[in-house]
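Here is protein-v4.pdb, consisting of PDB, C-alpha atoms:
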MODEL        1
ATOM      1  CA  MET M   1     -10.514  12.419 -10.937
ATOM      2  CA  THR M   2     -13.907  13.384  -9.593
ATOM      3  CA  ILE M   3     -15.295  12.866  -6.110
ATOM      4  CA  ARG M   4     -17.296   9.902  -7.406
ATOM      5  CA  GLY M   5     -14.109   8.403  -8.820
ATOM      6  CA  ILE M   6     -12.354   8.810  -5.471
ATOM      7  CA  ILE M   7     -15.281   7.227  -3.630
ATOM      8  CA  TRP M   8     -15.251   4.355  -6.152
ATOM      9  CA  ALA M   9     -11.534   3.763  -5.610
ATOM     10  CA  VAL M  10     -11.836   3.912  -1.803
ATOM     11  CA  LEU M  11     -14.775   1.472  -1.791
ATOM     12  CA  LEU M  12     -12.905  -0.997  -3.975
ATOM     13  CA  CYS M  13      -9.761  -0.677  -1.833
ATOM     14  CA  ILE M  14     -11.751  -1.436   1.321
ATOM     15  CA  ALA M  15     -13.473  -4.342  -0.434
ATOM     16  CA  GLY M  16     -10.078  -5.588  -1.595
ATOM     17  CA  ILE M  17      -8.626  -5.494   1.916
ATOM     18  CA  ILE M  18     -11.607  -7.363   3.350
ATOM     19  CA  SER M  19     -11.533  -9.910   0.527
ATOM     20  CA  ILE M  20      -7.825 -10.534   1.164
ATOM     21  CA  GLY M  21      -8.757 -11.324   4.771
ATOM     22  CA  VAL M  22     -11.502 -13.697   3.636
ATOM     23  CA  SER M  23      -9.122 -15.410   1.196
ATOM     24  CA  ILE M  24      -6.427 -15.783   3.860
ATOM     25  CA  HIS M  25      -8.991 -17.311   6.223
ATOM     26  CA  GLY M  26     -10.045 -19.686   3.442
ATOM     27  CA  THR M  27      -6.451 -20.750   2.868
ATOM     28  CA  TRP M  28      -5.995 -21.338   6.594
ATOM     29  CA  SER M  29      -9.271 -23.285   6.679
ATOM     30  CA  ALA M  30      -8.240 -25.409   3.704
ATOM     31  CA  LEU M  31      -5.017 -26.344   5.447
ATOM     32  CA  SER M  32      -6.750 -27.302   8.692
ATOM     33  CA  VAL M  33     -10.081 -28.833   7.629
ATOM     34  CA  ASP M  34     -10.741 -32.555   7.930
ATOM     35  CA  LEU M  35     -11.756 -33.692   4.446
ATOM     36  CA  ARG M  36     -12.746 -37.210   5.474
ATOM     37  CA  ALA M  37     -16.247 -36.078   6.434
ATOM     38  CA  ASP M  38     -18.317 -33.925   4.064
ATOM     39  CA  THR M  39     -15.581 -33.610   1.467
ATOM     40  CA  LEU M  40     -17.605 -31.725  -1.140
ATOM     41  CA  LEU M  41     -19.090 -29.235   1.327
ATOM     42  CA  SER M  42     -15.711 -28.664   2.924
ATOM     43  CA  CYS M  43     -14.136 -28.005  -0.469
ATOM     44  CA  VAL M  44     -16.920 -25.558  -1.374
ATOM     45  CA  TYR M  45     -16.572 -23.902   2.044
ATOM     46  CA  CYS M  46     -12.824 -23.385   1.626
ATOM     47  CA  GLY M  47     -12.756 -22.813  -2.127
ATOM     48  CA  LEU M  48     -15.253 -19.972  -2.162
ATOM     49  CA  GLN M  49     -13.310 -18.137   0.516
ATOM     50  CA  ILE M  50     -10.044 -18.590  -1.349
ATOM     51  CA  LEU M  51     -11.604 -17.290  -4.584
ATOM     52  CA  CYS M  52     -13.049 -14.130  -2.989
ATOM     53  CA  PHE M  53     -10.053 -11.882  -3.712
ATOM     54  CA  PRO M  54      -9.177 -13.273  -7.167
ATOM     55  CA  VAL M  55     -12.781 -12.815  -8.327
ATOM     56  CA  LEU M  56     -12.869  -9.237  -7.032
ATOM     57  CA  LEU M  57      -9.538  -8.482  -8.671
ATOM     58  CA  LEU M  58      -9.753 -10.332 -11.982
ATOM     59  CA  VAL M  59     -13.396 -10.495 -13.079
ATOM     60  CA  ARG M  60     -14.320  -7.520 -15.223
ATOM     61  CA  PRO M  61     -16.525  -5.532 -15.778
ATOM     62  CA  GLN M  62     -17.367  -4.492 -12.231
ATOM     63  CA  SER M  63     -21.028  -5.480 -12.600
ATOM     64  CA  ARG M  64     -20.083  -9.046 -13.493
ATOM     65  CA  SER M  65     -17.717  -9.204 -10.518
ATOM     66  CA  ALA M  66     -20.461  -7.996  -8.166
ATOM     67  CA  ILE M  67     -22.919 -10.583  -9.462
ATOM     68  CA  VAL M  68     -20.413 -13.439  -9.227
ATOM     69  CA  LEU M  69     -19.418 -12.359  -5.700
ATOM     70  CA  SER M  70     -23.092 -12.222  -4.699
ATOM     71  CA  LEU M  71     -23.686 -15.766  -5.899
ATOM     72  CA  MET M  72     -20.496 -16.927  -4.201
ATOM     73  CA  ALA M  73     -21.508 -15.307  -0.899
ATOM     74  CA  LEU M  74     -24.938 -16.945  -0.939
ATOM     75  CA  THR M  75     -23.413 -20.337  -1.801
ATOM     76  CA  TYR M  76     -20.821 -19.880   0.932
ATOM     77  CA  LEU M  77     -23.540 -19.067   3.466
ATOM     78  CA  GLY M  78     -25.431 -22.206   2.433
ATOM     79  CA  ALA M  79     -22.391 -24.491   2.616
ATOM     80  CA  TYR M  80     -21.251 -23.048   5.944
ATOM     81  CA  SER M  81     -24.795 -23.356   7.377
ATOM     82  CA  VAL M  82     -25.057 -27.002   6.328
ATOM     83  CA  LEU M  83     -21.689 -27.761   7.920
ATOM     84  CA  ASN M  84     -22.766 -25.977  11.107
ATOM     85  CA  TRP M  85     -26.112 -27.817  11.096
ATOM     86  CA  ARG M  86     -24.430 -31.190  10.762
ATOM     87  CA  THR M  87     -22.035 -30.394  13.590
ATOM     88  CA  CYS M  88     -24.664 -29.120  16.000
ATOM     89  CA  SER M  89     -27.109 -31.928  15.164
ATOM     90  CA  GLU M  90     -24.438 -34.532  15.886
ATOM     91  CA  LEU M  91     -23.718 -32.873  19.221
ATOM     92  CA  GLY M  92     -27.417 -32.309  19.967
ATOM     93  CA  TYR M  93     -27.605 -28.562  20.584
ATOM     94  CA  CYS M  94     -29.418 -27.321  17.458
ATOM     95  CA  GLU M  95     -32.433 -25.089  17.959
ATOM     96  CA  SER M  96     -33.754 -24.800  14.403
ATOM     97  CA  ILE M  97     -32.502 -24.444  10.856
ATOM     98  CA  ILE M  98     -33.191 -20.706  10.806
ATOM     99  CA  ALA M  99     -31.341 -20.244  14.103
ATOM    100  CA  THR M 100     -28.360 -22.099  12.680
ATOM    101  CA  VAL M 101     -28.381 -19.958   9.519
ATOM    102  CA  MET M 102     -28.620 -16.782  11.609
ATOM    103  CA  GLN M 103     -25.736 -17.906  13.819
ATOM    104  CA  THR M 104     -23.724 -18.664  10.696
ATOM    105  CA  LEU M 105     -24.625 -15.273   9.256
ATOM    106  CA  SER M 106     -23.179 -13.570  12.321
ATOM    107  CA  THR M 107     -19.691 -15.062  11.920
ATOM    108  CA  ASN M 108     -16.861 -12.778  10.854
ATOM    109  CA  THR M 109     -16.039 -14.536   7.582
ATOM    110  CA  VAL M 110     -19.649 -14.516   6.358
ATOM    111  CA  LEU M 111     -20.021 -10.860   7.353
ATOM    112  CA  GLY M 112     -16.748 -10.103   5.579
ATOM    113  CA  PHE M 113     -17.869 -11.918   2.439
ATOM    114  CA  PHE M 114     -21.151 -10.003   2.369
ATOM    115  CA  ALA M 115     -19.312  -6.736   3.121
ATOM    116  CA  VAL M 116     -17.209  -7.323   0.001
ATOM    117  CA  VAL M 117     -20.395  -7.878  -1.998
ATOM    118  CA  ILE M 118     -22.102  -4.766  -0.632
ATOM    119  CA  LEU M 119     -19.034  -2.559  -1.131
ATOM    120  CA  SER M 120     -18.626  -3.902  -4.654
ATOM    121  CA  LEU M 121     -22.274  -3.180  -5.467
ATOM    122  CA  ILE M 122     -22.051   0.349  -4.044
ATOM    123  CA  ALA M 123     -18.825   0.967  -5.981
ATOM    124  CA  MET M 124     -20.575  -0.200  -9.121
ATOM    125  CA  LEU M 125     -23.362   2.323  -8.497
ATOM    126  CA  VAL M 126     -21.073   5.305  -7.882
ATOM    127  CA  ASP M 127     -18.661   4.524 -10.739
ATOM    128  CA  ASP M 128     -18.731   7.342 -13.249
ATOM    129  CA  HIS M 129     -15.950   5.883 -15.422
ATOM    130  CA  SER M 130     -13.729   8.914 -14.765
ATOM    131  CA  THR M 131     -10.904   6.683 -13.545
ATOM    132  CA  HIS M 132     -10.565   4.987 -16.925
ATOM    133  CA  TRP M 133      -8.034   6.203 -19.473
ATOM    134  CA  THR M 134      -9.692   8.317 -22.124
ATOM    135  CA  ARG M 135      -8.373  10.091 -25.183
TER     136      ARG M 135
ENDMDL
END

Would it be possible to restate this file's structure as C-alpha cells?
Amino acid sequence: MTIRGIIWAVLLCIAGIISIGVSIHGTWSALSVDLRADTLLSCVYCGLQILCFPVLLLVRPQSRSAIVLSLMALTYLGAYSVLNWRTCSELGYCESIIATVMQTLSTNTVLGFFAVVILSLIAMLVDDHSTHWTR
C-alpha cells in the first residue's frame, strides 16, 4: 500500500465516521419530527440525513458516490433552509433569505454533510487504485 492509498483509506474512514453521525442525527430527527406540517420537506430533511452513510458505503465507484453525496448535501441544505425560513417567518424574526441560508449552513449537521462530501471528493482525487486487489 502506498502513501496515497493510506491517505485515501484515512479520508474515507473519517468521512464514514462523520456520515454515521449525520445518519444517526437523521434517525433521531425522523423519530422526533412533527410530520403534520410540511410533511414532504420534513421527510426530505430526515431521509437525506439517514441515507448519508449508506450512500457513502454502498454506491460505487467512488466518483459516483461523491456526485450523489454532493447533490444530496445541496438538496439537504435547501430543505433545511426552507424549514428554517418557515419557522422564523412564522415567529417573525427572519432577517433575509440569505441570512437564513447562512445560519442553516453553519449548523453542525449541514457542516458534517458537506465535510463528508469534501472528504469523499479529496479521497477520489488521491486514489491511486493501489488498495484494490490485483493479479

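Atom CA of Leu105 of chain M lies 10.3 Å from atom CA of Leu74 of chain M.
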
Could you tell me, as a PyMOL selection string, exactly which residues end up selected when the PyMOL selection byres ((chain M and resi 4) around 9) is applied to this structure? chain M and resi 1-3+5-9+126-128+130

Can you turn the PyMOL selection byres ((chain M and resi 15) around 10) into a concrete residue list for this file, as JSON, numbers by chain? {"M": [9, 10, 11, 12, 13, 14, 16, 17, 18, 19, 20, 21, 53, 56, 112, 113, 114, 115, 116, 117, 118, 119, 120, 123]}

Written as number ranges by chain, which residues does the PyMOL selection byres ((chain M and resi 41) around 12) give for the file shown? M: 30, 33-40, 42-48, 75-84, 86

Could those residues be written to a file, using C-alpha atoms, as a PDB file, in the coordinates of the input?
ATOM      1  CA  ALA M  30      -8.240 -25.409   3.704  1.00  0.00           C
ATOM      2  CA  VAL M  33     -10.081 -28.833   7.629  1.00  0.00           C
ATOM      3  CA  ASP M  34     -10.741 -32.555   7.930  1.00  0.00           C
ATOM      4  CA  LEU M  35     -11.756 -33.692   4.446  1.00  0.00           C
ATOM      5  CA  ARG M  36     -12.746 -37.210   5.474  1.00  0.00           C
ATOM      6  CA  ALA M  37     -16.247 -36.078   6.434  1.00  0.00           C
ATOM      7  CA  ASP M  38     -18.317 -33.925   4.064  1.00  0.00           C
ATOM      8  CA  THR M  39     -15.581 -33.610   1.467  1.00  0.00           C
ATOM      9  CA  LEU M  40     -17.605 -31.725  -1.140  1.00  0.00           C
ATOM     10  CA  SER M  42     -15.711 -28.664   2.924  1.00  0.00           C
ATOM     11  CA  CYS M  43     -14.136 -28.005  -0.469  1.00  0.00           C
ATOM     12  CA  VAL M  44     -16.920 -25.558  -1.374  1.00  0.00           C
ATOM     13  CA  TYR M  45     -16.572 -23.902   2.044  1.00  0.00           C
ATOM     14  CA  CYS M  46     -12.824 -23.385   1.626  1.00  0.00           C
ATOM     15  CA  GLY M  47     -12.756 -22.813  -2.127  1.00  0.00           C
ATOM     16  CA  LEU M  48     -15.253 -19.972  -2.162  1.00  0.00           C
ATOM     17  CA  THR M  75     -23.413 -20.337  -1.801  1.00  0.00           C
ATOM     18  CA  TYR M  76     -20.821 -19.880   0.932  1.00  0.00           C
ATOM     19  CA  LEU M  77     -23.540 -19.067   3.466  1.00  0.00           C
ATOM     20  CA  GLY M  78     -25.431 -22.206   2.433  1.00  0.00           C
ATOM     21  CA  ALA M  79     -22.391 -24.491   2.616  1.00  0.00           C
ATOM     22  CA  TYR M  80     -21.251 -23.048   5.944  1.00  0.00           C
ATOM     23  CA  SER M  81     -24.795 -23.356   7.377  1.00  0.00           C
ATOM     24  CA  VAL M  82     -25.057 -27.002   6.328  1.00  0.00           C
ATOM     25  CA  LEU M  83     -21.689 -27.761   7.920  1.00  0.00           C
ATOM     26  CA  ASN M  84     -22.766 -25.977  11.107  1.00  0.00           C
ATOM     27  CA  ARG M  86     -24.430 -31.190  10.762  1.00  0.00           C
TER      28      ARG M  86
END

In Å, with one decimal, what is the gap from atom CA of Leu125 of chain M to atom CA of Asn108 of chain M? 25.4 Å

Would you mind reading off the distance between atom CA of Gln62 of chain M and atom CA of Ile24 of chain M, one decimal, in Å? 22.5 Å

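Closest to Leu51 of chain M among M:Thr109, M:Ser63, M:Thr100, M:Thr27 is M:Thr27, based on only C-alpha atoms.
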
Which one is closest to Val110 of chain M: M:Ile50, M:Ala73, M:Leu58, M:Ile67? Count all atoms listed in the file. M:Ala73

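The shortest atom-to-atom distance to Pro54 of chain M, with all atoms listed in the file taken into account, belongs to M:Ser23 out of M:Ser29, M:Ser23, M:Ser70, M:Thr87.
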